[in-house]
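Text of my_file.cif, listed as mmCIF, C-alpha atoms:
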data_query
#
loop_
_atom_site.label_atom_id
_atom_site.label_comp_id
_atom_site.auth_asym_id
_atom_site.auth_seq_id
_atom_site.Cartn_x
_atom_site.Cartn_y
_atom_site.Cartn_z
CA MET A 1 61.13 25.23 -58.25
CA ASN A 2 62.26 22.53 -55.82
CA LEU A 3 61.80 23.45 -52.15
CA ASN A 4 64.87 21.44 -51.10
CA HIS A 5 66.97 23.28 -53.66
CA LEU A 6 65.90 26.60 -52.15
CA TYR A 7 66.94 25.38 -48.72
CA TYR A 8 70.28 24.18 -50.13
CA PHE A 9 70.80 27.61 -51.70
CA LYS A 10 70.10 29.35 -48.39
CA VAL A 11 72.66 27.24 -46.50
CA LEU A 12 75.29 27.66 -49.22
CA ALA A 13 74.66 31.42 -49.33
CA GLU A 14 75.27 31.64 -45.58
CA THR A 15 78.43 29.49 -45.55
CA GLU A 16 79.82 30.43 -48.99
CA HIS A 17 81.62 27.08 -48.93
CA TYR A 18 80.49 23.99 -50.86
CA THR A 19 82.11 21.36 -48.65
CA GLN A 20 80.90 22.95 -45.42
CA ALA A 21 77.37 23.42 -46.76
CA ALA A 22 77.20 19.85 -48.08
CA ASN A 23 78.26 18.50 -44.68
CA MET A 24 75.64 20.62 -42.91
CA LEU A 25 72.96 19.41 -45.32
CA ASN A 26 74.17 15.81 -45.11
CA ILE A 27 74.35 15.49 -48.90
CA THR A 28 77.25 15.02 -51.31
CA GLN A 29 78.99 18.01 -52.83
CA PRO A 30 78.05 16.94 -56.39
CA SER A 31 74.37 16.79 -55.34
CA LEU A 32 74.63 20.31 -53.95
CA SER A 33 76.36 21.57 -57.11
CA HIS A 34 73.65 19.97 -59.26
CA ALA A 35 70.89 21.60 -57.21
CA ILE A 36 72.46 25.05 -57.50
CA SER A 37 72.99 24.59 -61.25
CA GLN A 38 69.30 23.74 -61.67
CA LEU A 39 68.32 26.88 -59.76
CA GLU A 40 70.63 29.04 -61.88
CA ASN A 41 69.19 27.52 -65.06
CA GLU A 42 65.65 28.26 -63.91
CA LEU A 43 66.55 31.85 -62.99
CA ASN A 44 68.76 32.29 -66.05
CA CYS A 45 71.56 33.89 -64.04
CA TYR A 46 74.54 32.97 -61.86
CA LEU A 47 73.89 33.00 -58.11
CA PHE A 48 77.51 32.39 -57.02
CA GLU A 49 80.95 33.27 -58.29
CA LYS A 50 84.36 31.93 -57.33
CA GLN A 51 86.55 33.85 -54.93
CA GLY A 52 89.85 32.00 -54.54
CA ARG A 53 89.04 28.57 -53.11
CA ASN A 54 85.68 29.78 -51.83
CA ILE A 55 82.58 31.28 -53.44
CA ARG A 56 80.48 34.34 -52.85
CA LEU A 57 77.01 35.50 -53.83
CA THR A 58 76.62 37.50 -57.00
CA ARG A 59 74.41 40.57 -56.88
CA TYR A 60 71.64 38.42 -58.32
CA GLY A 61 72.28 35.85 -55.60
CA LYS A 62 72.05 38.53 -52.91
CA ILE A 63 68.65 39.67 -54.22
CA PHE A 64 67.40 36.09 -54.48
CA TYR A 65 68.68 35.28 -50.97
CA GLU A 66 66.47 37.99 -49.42
CA TYR A 67 63.33 36.52 -50.95
CA VAL A 68 64.27 32.88 -50.34
CA THR A 69 64.92 33.65 -46.66
CA LYS A 70 61.54 35.34 -46.28
CA GLY A 71 59.77 32.59 -48.20
CA LEU A 72 61.29 29.72 -46.22
CA SER A 73 60.56 31.57 -42.98
CA GLU A 74 56.88 31.89 -43.92
CA ILE A 75 56.73 28.22 -44.87
CA GLU A 76 58.25 27.29 -41.50
CA LEU A 77 55.65 29.41 -39.71
CA GLY A 78 52.94 27.70 -41.74
CA GLN A 79 54.27 24.28 -40.75
CA LYS A 80 54.27 25.28 -37.08
CA LYS A 81 50.72 26.59 -37.42
CA ILE A 82 49.52 23.36 -39.00
CA ASP A 83 51.32 21.33 -36.33
CA ALA A 84 49.52 23.33 -33.65
CA ILE A 85 46.12 22.96 -35.32
CA THR A 86 46.49 19.23 -35.88
CA SER A 87 47.87 18.52 -32.41
CA PRO A 88 45.41 16.68 -30.13
CA ASN A 89 46.48 18.83 -27.16
CA GLN A 90 46.41 22.32 -28.64
CA GLY A 91 44.94 24.37 -31.46
CA TRP A 92 41.62 26.14 -32.02
CA ILE A 93 38.07 24.83 -32.13
CA ASN A 94 35.51 26.94 -34.03
CA LEU A 95 32.31 26.25 -32.10
CA ALA A 96 28.93 27.76 -32.98
CA PHE A 97 25.70 27.36 -31.01
CA ILE A 98 22.15 28.65 -30.67
CA TYR A 99 21.43 31.52 -28.29
CA THR A 100 19.83 29.46 -25.50
CA LEU A 101 23.07 27.57 -24.89
CA GLY A 102 25.24 30.63 -24.32
CA TYR A 103 24.24 31.43 -20.75
CA ARG A 104 25.12 28.16 -19.04
CA TYR A 105 25.43 25.03 -21.18
CA VAL A 106 28.38 25.99 -23.41
CA PRO A 107 30.46 27.76 -20.71
CA HIS A 108 30.09 24.77 -18.39
CA LEU A 109 30.82 22.35 -21.24
CA ILE A 110 34.10 24.10 -22.09
CA GLN A 111 35.03 24.43 -18.42
CA HIS A 112 34.64 20.69 -17.83
CA PHE A 113 36.51 19.92 -21.05
CA HIS A 114 39.43 22.01 -19.78
CA PHE A 115 39.46 20.16 -16.45
CA ASP A 116 41.42 17.48 -18.32
CA LYS A 117 45.00 18.78 -18.39
CA ASN A 118 45.46 17.28 -21.85
CA ASN A 119 42.85 19.75 -23.13
CA SER A 120 43.92 22.82 -21.18
CA LYS A 121 45.79 24.42 -24.12
CA ILE A 122 42.95 24.01 -26.60
CA LYS A 123 41.34 27.36 -27.42
CA PHE A 124 37.90 28.22 -28.75
CA THR A 125 36.35 30.68 -31.16
CA LEU A 126 32.66 31.02 -30.29
CA LYS A 127 29.74 32.16 -32.45
CA GLN A 128 26.01 32.38 -31.74
CA GLY A 129 23.10 32.52 -34.14
CA SER A 130 19.96 30.83 -35.43
CA THR A 131 20.02 27.17 -36.44
CA SER A 132 19.67 27.92 -40.16
CA ALA A 133 22.47 30.48 -40.22
CA LEU A 134 24.80 28.31 -38.16
CA LEU A 135 24.23 25.22 -40.31
CA ASP A 136 24.92 27.31 -43.42
CA GLY A 137 28.18 28.40 -41.82
CA LEU A 138 29.03 24.80 -40.94
CA GLU A 139 28.58 23.74 -44.55
CA GLU A 140 30.75 26.69 -45.66
CA GLU A 141 33.53 25.50 -43.28
CA LYS A 142 33.25 28.53 -41.01
CA TYR A 143 32.74 26.25 -37.99
CA ASP A 144 34.05 22.86 -36.90
CA LEU A 145 30.81 21.90 -35.19
CA VAL A 146 27.46 23.42 -34.29
CA LEU A 147 25.10 22.87 -31.35
CA CYS A 148 21.58 23.52 -32.59
CA SER A 149 18.13 22.16 -33.45
CA TYR A 150 17.59 19.44 -36.03
CA GLN A 151 16.80 20.67 -39.52
CA GLU A 152 15.35 18.70 -42.41
CA ASN A 153 17.04 18.39 -45.81
CA ARG A 154 20.59 18.73 -44.51
CA ASN A 155 21.71 15.44 -46.00
CA ASN A 156 25.44 16.12 -45.66
CA ILE A 157 25.22 16.92 -41.95
CA ASN A 158 25.33 14.40 -39.13
CA PHE A 159 23.04 15.26 -36.18
CA VAL A 160 23.74 13.65 -32.80
CA PRO A 161 21.31 14.36 -29.90
CA ILE A 162 23.18 15.64 -26.83
CA THR A 163 20.73 17.32 -24.45
CA THR A 164 17.14 18.54 -24.06
CA GLU A 165 15.37 21.73 -23.03
CA GLU A 166 11.91 21.77 -21.48
CA LEU A 167 9.44 24.14 -23.12
CA VAL A 168 7.50 26.52 -20.86
CA VAL A 169 5.07 29.41 -21.26
CA VAL A 170 6.23 32.82 -20.07
CA VAL A 171 3.82 35.67 -19.29
CA SER A 172 4.16 39.15 -17.87
CA LYS A 173 3.43 39.43 -14.16
CA LEU A 174 0.74 41.92 -15.23
CA ASN A 175 -1.07 39.17 -17.15
CA PRO A 176 -3.87 37.41 -15.19
CA LEU A 177 -2.29 34.10 -16.20
CA ALA A 178 0.60 34.96 -13.86
CA LEU A 179 -1.56 33.67 -11.00
CA LYS A 180 -1.05 30.15 -12.35
CA ASN A 181 1.92 27.79 -11.98
CA GLU A 182 1.05 25.51 -14.87
CA ILE A 183 -1.13 25.79 -17.93
CA ASP A 184 -2.89 23.84 -20.67
CA LEU A 185 -2.12 25.25 -24.12
CA GLN A 186 -5.85 25.47 -24.81
CA GLU A 187 -6.00 28.28 -22.24
CA LEU A 188 -3.89 30.43 -24.57
CA GLN A 189 -6.41 30.54 -27.42
CA ASN A 190 -7.16 34.26 -26.91
CA GLU A 191 -3.63 35.44 -26.14
CA TYR A 192 -1.27 37.39 -28.39
CA PHE A 193 2.04 35.61 -29.04
CA ILE A 194 5.64 36.70 -29.25
CA TYR A 195 6.87 34.01 -31.63
CA TYR A 196 10.16 32.69 -32.95
CA SER A 197 11.04 33.71 -36.50
CA LYS A 198 11.03 31.27 -39.40
CA HIS A 199 14.85 31.13 -39.25
CA SER A 200 14.77 29.68 -35.74
CA GLY A 201 15.22 25.97 -35.22
CA LEU A 202 12.50 26.15 -32.58
CA ARG A 203 9.86 27.41 -35.00
CA PRO A 204 8.91 24.02 -36.53
CA LEU A 205 8.69 22.43 -33.07
CA ILE A 206 6.40 25.13 -31.67
CA ASP A 207 4.32 25.22 -34.87
CA ASP A 208 3.79 21.48 -34.54
CA LEU A 209 2.95 21.86 -30.86
CA PHE A 210 0.13 24.29 -31.60
CA HIS A 211 -1.03 22.48 -34.72
CA SER A 212 -1.38 19.18 -32.85
CA ASN A 213 -3.59 20.98 -30.32
CA ASN A 214 -5.70 22.71 -33.03
CA ILE A 215 -4.52 26.14 -31.91
CA ASP A 216 -3.93 28.94 -34.39
CA PRO A 217 -1.65 31.34 -32.46
CA ASN A 218 -2.33 35.06 -32.88
CA ILE A 219 1.25 36.19 -33.62
CA MET A 220 2.07 39.82 -32.82
CA PHE A 221 5.86 39.68 -33.24
CA GLU A 222 8.30 37.26 -34.88
CA VAL A 223 11.72 37.37 -33.21
CA GLU A 224 14.94 35.41 -33.69
CA GLU A 225 16.70 35.89 -30.36
CA ASP A 226 15.46 34.71 -26.95
CA SER A 227 16.24 37.83 -24.93
CA ALA A 228 14.19 39.97 -27.32
CA ILE A 229 11.23 37.60 -26.95
CA LEU A 230 11.48 37.75 -23.16
CA GLY A 231 11.78 41.53 -23.26
CA LEU A 232 8.56 41.91 -25.26
CA VAL A 233 6.72 39.52 -22.95
CA ASP A 234 8.07 41.49 -19.97
CA ILE A 235 6.27 44.65 -21.16
CA ASN A 236 3.07 42.60 -21.63
CA TYR A 237 2.99 42.67 -25.44
CA GLY A 238 2.07 38.99 -25.48
CA VAL A 239 2.95 35.54 -24.18
CA ALA A 240 5.54 33.11 -25.51
CA VAL A 241 6.55 29.48 -25.54
CA VAL A 242 10.29 29.29 -24.91
CA PRO A 243 12.91 26.85 -23.61
CA ASN A 244 13.25 26.81 -19.84
CA ILE A 245 16.54 28.72 -19.76
CA PRO A 246 18.17 30.58 -16.83
CA MET A 247 17.80 33.89 -18.67
CA ILE A 248 14.07 33.92 -17.84
CA ASP A 249 14.90 34.68 -14.21
CA HIS A 250 16.48 38.01 -15.24
CA PHE A 251 13.11 39.37 -16.39
CA HIS A 252 9.93 40.21 -14.47
CA LEU A 253 8.11 37.21 -15.84
CA LYS A 254 6.05 34.29 -14.59
CA LYS A 255 7.11 30.91 -15.90
CA LEU A 256 4.29 28.39 -16.36
CA LYS A 257 4.81 24.67 -16.72
CA ILE A 258 2.95 23.21 -19.71
CA LYS A 259 0.82 20.41 -18.29
CA ASN A 260 -0.77 19.45 -21.58
CA PRO A 261 1.00 18.51 -23.70
CA GLN A 262 4.46 18.34 -22.14
CA LYS A 263 7.15 18.93 -24.74
CA LYS A 264 10.95 18.91 -24.78
CA ARG A 265 13.27 20.35 -27.35
CA ILE A 266 16.22 18.17 -28.38
CA ILE A 267 19.59 19.85 -28.93
CA TYR A 268 21.94 18.26 -31.45
CA MET A 269 25.65 18.33 -32.19
CA ALA A 270 25.99 18.90 -35.93
CA THR A 271 29.07 18.06 -37.99
CA VAL A 272 29.65 17.67 -41.72
CA LYS A 273 29.83 14.09 -42.94
CA ASN A 274 33.12 12.86 -44.43
CA ARG A 275 35.01 16.07 -43.61
CA TYR A 276 38.46 15.95 -42.03
CA VAL A 277 38.27 16.77 -38.32
CA PRO A 278 41.45 17.92 -36.49
CA PRO A 279 42.35 15.84 -33.41
CA ALA A 280 41.37 18.58 -30.94
CA VAL A 281 37.92 18.88 -32.52
CA HIS A 282 37.56 15.10 -32.54
CA SER A 283 38.38 15.00 -28.81
CA PHE A 284 35.83 17.71 -28.05
CA CYS A 285 33.10 15.96 -30.07
CA ASN A 286 33.77 12.73 -28.18
CA PHE A 287 33.65 14.64 -24.90
CA ILE A 288 30.25 16.13 -25.78
CA VAL A 289 28.79 12.74 -26.68
CA GLN A 290 30.18 11.11 -23.53
CA ASN A 291 28.61 13.86 -21.41
CA SER A 292 25.24 14.01 -23.18
CA ASN A 293 22.16 13.65 -20.98
CA ILE A 294 19.74 12.18 -23.52
CA ASP A 295 17.58 9.48 -21.92
#
Translate the structure described by the file into structure tokens.
Amino acid sequence: MNLNHLYYFKVLAETEHYTQAANMLNITQPSLSHAISQLENELNCYLFEKQGRNIRLTRYGKIFYEYVTKGLSEIELGQKKIDAITSPNQGWINLAFIYTLGYRYVPHLIQHFHFDKNNSKIKFTLKQGSTSALLDGLEEEKYDLVLCSYQENRNNINFVPITTEELVVVVSKLNPLALKNEIDLQELQNEYFIYYSKHSGLRPLIDDLFHSNNIDPNIMFEVEEDSAILGLVDINYGVAVVPNIPMIDHFHLKKLKIKNPQKKRIIYMATVKNRYVPPAVHSFCNFIVQNSNID
């Protein structure tokens, strides 16, 4: 069923006059008559009947008019929605990121993005999670982009480094190690560890850190989320290697600089290769890259 023909029908139904409707539609009267005839043939009923020099809707036409009006209205709303989404100055960005970025990095990033008046109407939907879960969601088109750790065997995802996080050791203030300000990892041989779960993007990095120093960590708990790790360290259930994030200061913990070996975690912007990116998302991705602090 031709969409233009439905629109022609709607205008003719509201004017009940062929000449007037044709002028409003900027088409010839024969073209309008042909369109209505095609509709009537498809529906197998008459939509209009003559009334003197004018026409009027039949009872079938009145029923059809109700549904055509609703349908065209929904299509118009859909067009407006798409226009908003594809506009470079408005629309929604579905952004997902790992937990450590939620306290300061992402809020400040969005704030500075909105400082540009051209971006002030762009809105965000935010989601946090582990790197694996977020990258799965990115591939399933749940998110436009993800800020996370790098992950192997994601061949259809483009990873761009955007910032770094220093790794530190955190201990309870009840732990004798709290008397120190910095530490060699070898000094942790006999400690119990609160460790990131296998779903965390940090897990491979910390595993490699210990492996390269011939340390086999005695893991007491495996946890996905940073605040839970810090909470367990706070009650002296073990020590942990974590990113140097502002959240640490909200716990009764001692933060120790790792003097050997020093290690930084790289944060990446992840997007799906060869996938259409709306203009607003494209602008935000460019903004992130332009404001990255990778050396």
If you count only C-alpha atoms, which residues fall within 10 Å of segment 62-76 of chain A, apart from same-chain ones fewer than 5 positions away, as an mmCIF file with C-alpha atoms, keeping the file's coordinate frame?
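Done, and the output landed in part-v8.cif:
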data_model
loop_
_atom_site.group_PDB
_atom_site.id
_atom_site.type_symbol
_atom_site.label_atom_id
_atom_site.label_comp_id
_atom_site.auth_asym_id
_atom_site.auth_seq_id
_atom_site.Cartn_x
_atom_site.Cartn_y
_atom_site.Cartn_z
ATOM 1 C CA LEU A 3 61.800 23.450 -52.150
ATOM 2 C CA LEU A 6 65.900 26.600 -52.150
ATOM 3 C CA TYR A 7 66.940 25.380 -48.720
ATOM 4 C CA PHE A 9 70.800 27.610 -51.700
ATOM 5 C CA LYS A 10 70.100 29.350 -48.390
ATOM 6 C CA ALA A 13 74.660 31.420 -49.330
ATOM 7 C CA GLU A 14 75.270 31.640 -45.580
ATOM 8 C CA LEU A 43 66.550 31.850 -62.990
ATOM 9 C CA LEU A 47 73.890 33.000 -58.110
ATOM 10 C CA PHE A 48 77.510 32.390 -57.020
ATOM 11 C CA ARG A 56 80.480 34.340 -52.850
ATOM 12 C CA LEU A 57 77.010 35.500 -53.830
ATOM 13 C CA LYS A 81 50.720 26.590 -37.420
ATOM 14 C CA ILE A 82 49.520 23.360 -39.000
#
Kindly provide the residues of segment 191-213 of chain A that approach segment 228-251 of chain A to within 6 Å, each paired with its closest atom pair and their distance in Å to one decimal, based on only C-alpha atoms, listed by chain and increasing number, as a tab-separated table.
residue	atom	partner	partner_atom	distance
A:Tyr192	CA	A:Gly238	CA	4.7
A:Phe193	CA	A:Gly238	CA	4.9
A:Ile194	CA	A:Ala240	CA	5.2
Expanded to explicit residues, what is the PyMOL selection byres ((chain A and resi 18) around 9) for this file, as a PyMOL selection string? chain A and resi 12+15-17+19-23+29+32-33+54-55
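Here the question is which of A:Tyr103, A:Phe287, A:Tyr276, A:Phe124 gets nearest to Thr86 of chain A using all atoms listed in the file, and that residue is A:Tyr276.
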Could you check the closest approach to Cys285 of chain A for each of A:Thr58, A:Thr271, A:Gln189, A:Ser37 and tell me which residue wins, using all atoms listed in the file?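 Of A:Thr58, A:Thr271, A:Gln189, A:Ser37, the one nearest Cys285 of chain A is A:Thr271, counting all atoms listed in the file.
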Could you complete segment 132-149 of chain A so that it carries N, CA and C atoms, and give it back as a compact mmCIF listing (two decimals), keeping the file's coordinate frame?
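What landed in out-v9.txt:
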# COMPACT_ATOMS: atom_id res chain seq x y z
N SER A 132 19.47 27.87 -38.71
CA SER A 132 19.67 27.92 -40.16
C SER A 132 20.99 28.59 -40.53
N ALA A 133 21.25 29.74 -39.91
CA ALA A 133 22.47 30.48 -40.22
C ALA A 133 23.72 29.70 -39.80
N LEU A 134 23.64 29.05 -38.65
CA LEU A 134 24.80 28.31 -38.16
C LEU A 134 25.08 27.08 -39.02
N LEU A 135 24.03 26.39 -39.46
CA LEU A 135 24.23 25.22 -40.31
C LEU A 135 24.77 25.63 -41.69
N ASP A 136 24.33 26.79 -42.17
CA ASP A 136 24.92 27.31 -43.42
C ASP A 136 26.41 27.54 -43.24
N GLY A 137 26.77 28.14 -42.11
CA GLY A 137 28.18 28.40 -41.82
C GLY A 137 28.98 27.12 -41.66
N LEU A 138 28.36 26.10 -41.08
CA LEU A 138 29.03 24.80 -40.94
C LEU A 138 29.34 24.21 -42.30
N GLU A 139 28.38 24.27 -43.20
CA GLU A 139 28.58 23.74 -44.55
C GLU A 139 29.63 24.54 -45.32
N GLU A 140 29.76 25.83 -44.99
CA GLU A 140 30.75 26.69 -45.66
C GLU A 140 32.12 26.63 -44.98
N GLU A 141 32.27 25.72 -43.99
CA GLU A 141 33.53 25.50 -43.28
C GLU A 141 33.93 26.67 -42.39
N LYS A 142 32.96 27.47 -41.96
CA LYS A 142 33.25 28.53 -41.01
C LYS A 142 33.41 27.96 -39.60
N TYR A 143 32.73 26.85 -39.32
CA TYR A 143 32.74 26.25 -37.99
C TYR A 143 33.13 24.78 -38.07
N ASP A 144 33.72 24.28 -36.98
CA ASP A 144 34.05 22.86 -36.90
C ASP A 144 32.85 22.03 -36.50
N LEU A 145 32.03 22.58 -35.61
CA LEU A 145 30.81 21.90 -35.19
C LEU A 145 29.80 22.93 -34.70
N VAL A 146 28.54 22.52 -34.68
CA VAL A 146 27.46 23.42 -34.29
C VAL A 146 26.54 22.69 -33.32
N LEU A 147 26.09 23.39 -32.28
CA LEU A 147 25.10 22.87 -31.35
C LEU A 147 23.79 23.60 -31.63
N CYS A 148 22.77 22.86 -32.05
CA CYS A 148 21.58 23.52 -32.59
C CYS A 148 20.38 22.57 -32.60
N SER A 149 19.30 23.01 -33.23
CA SER A 149 18.13 22.16 -33.45
C SER A 149 18.36 21.29 -34.69
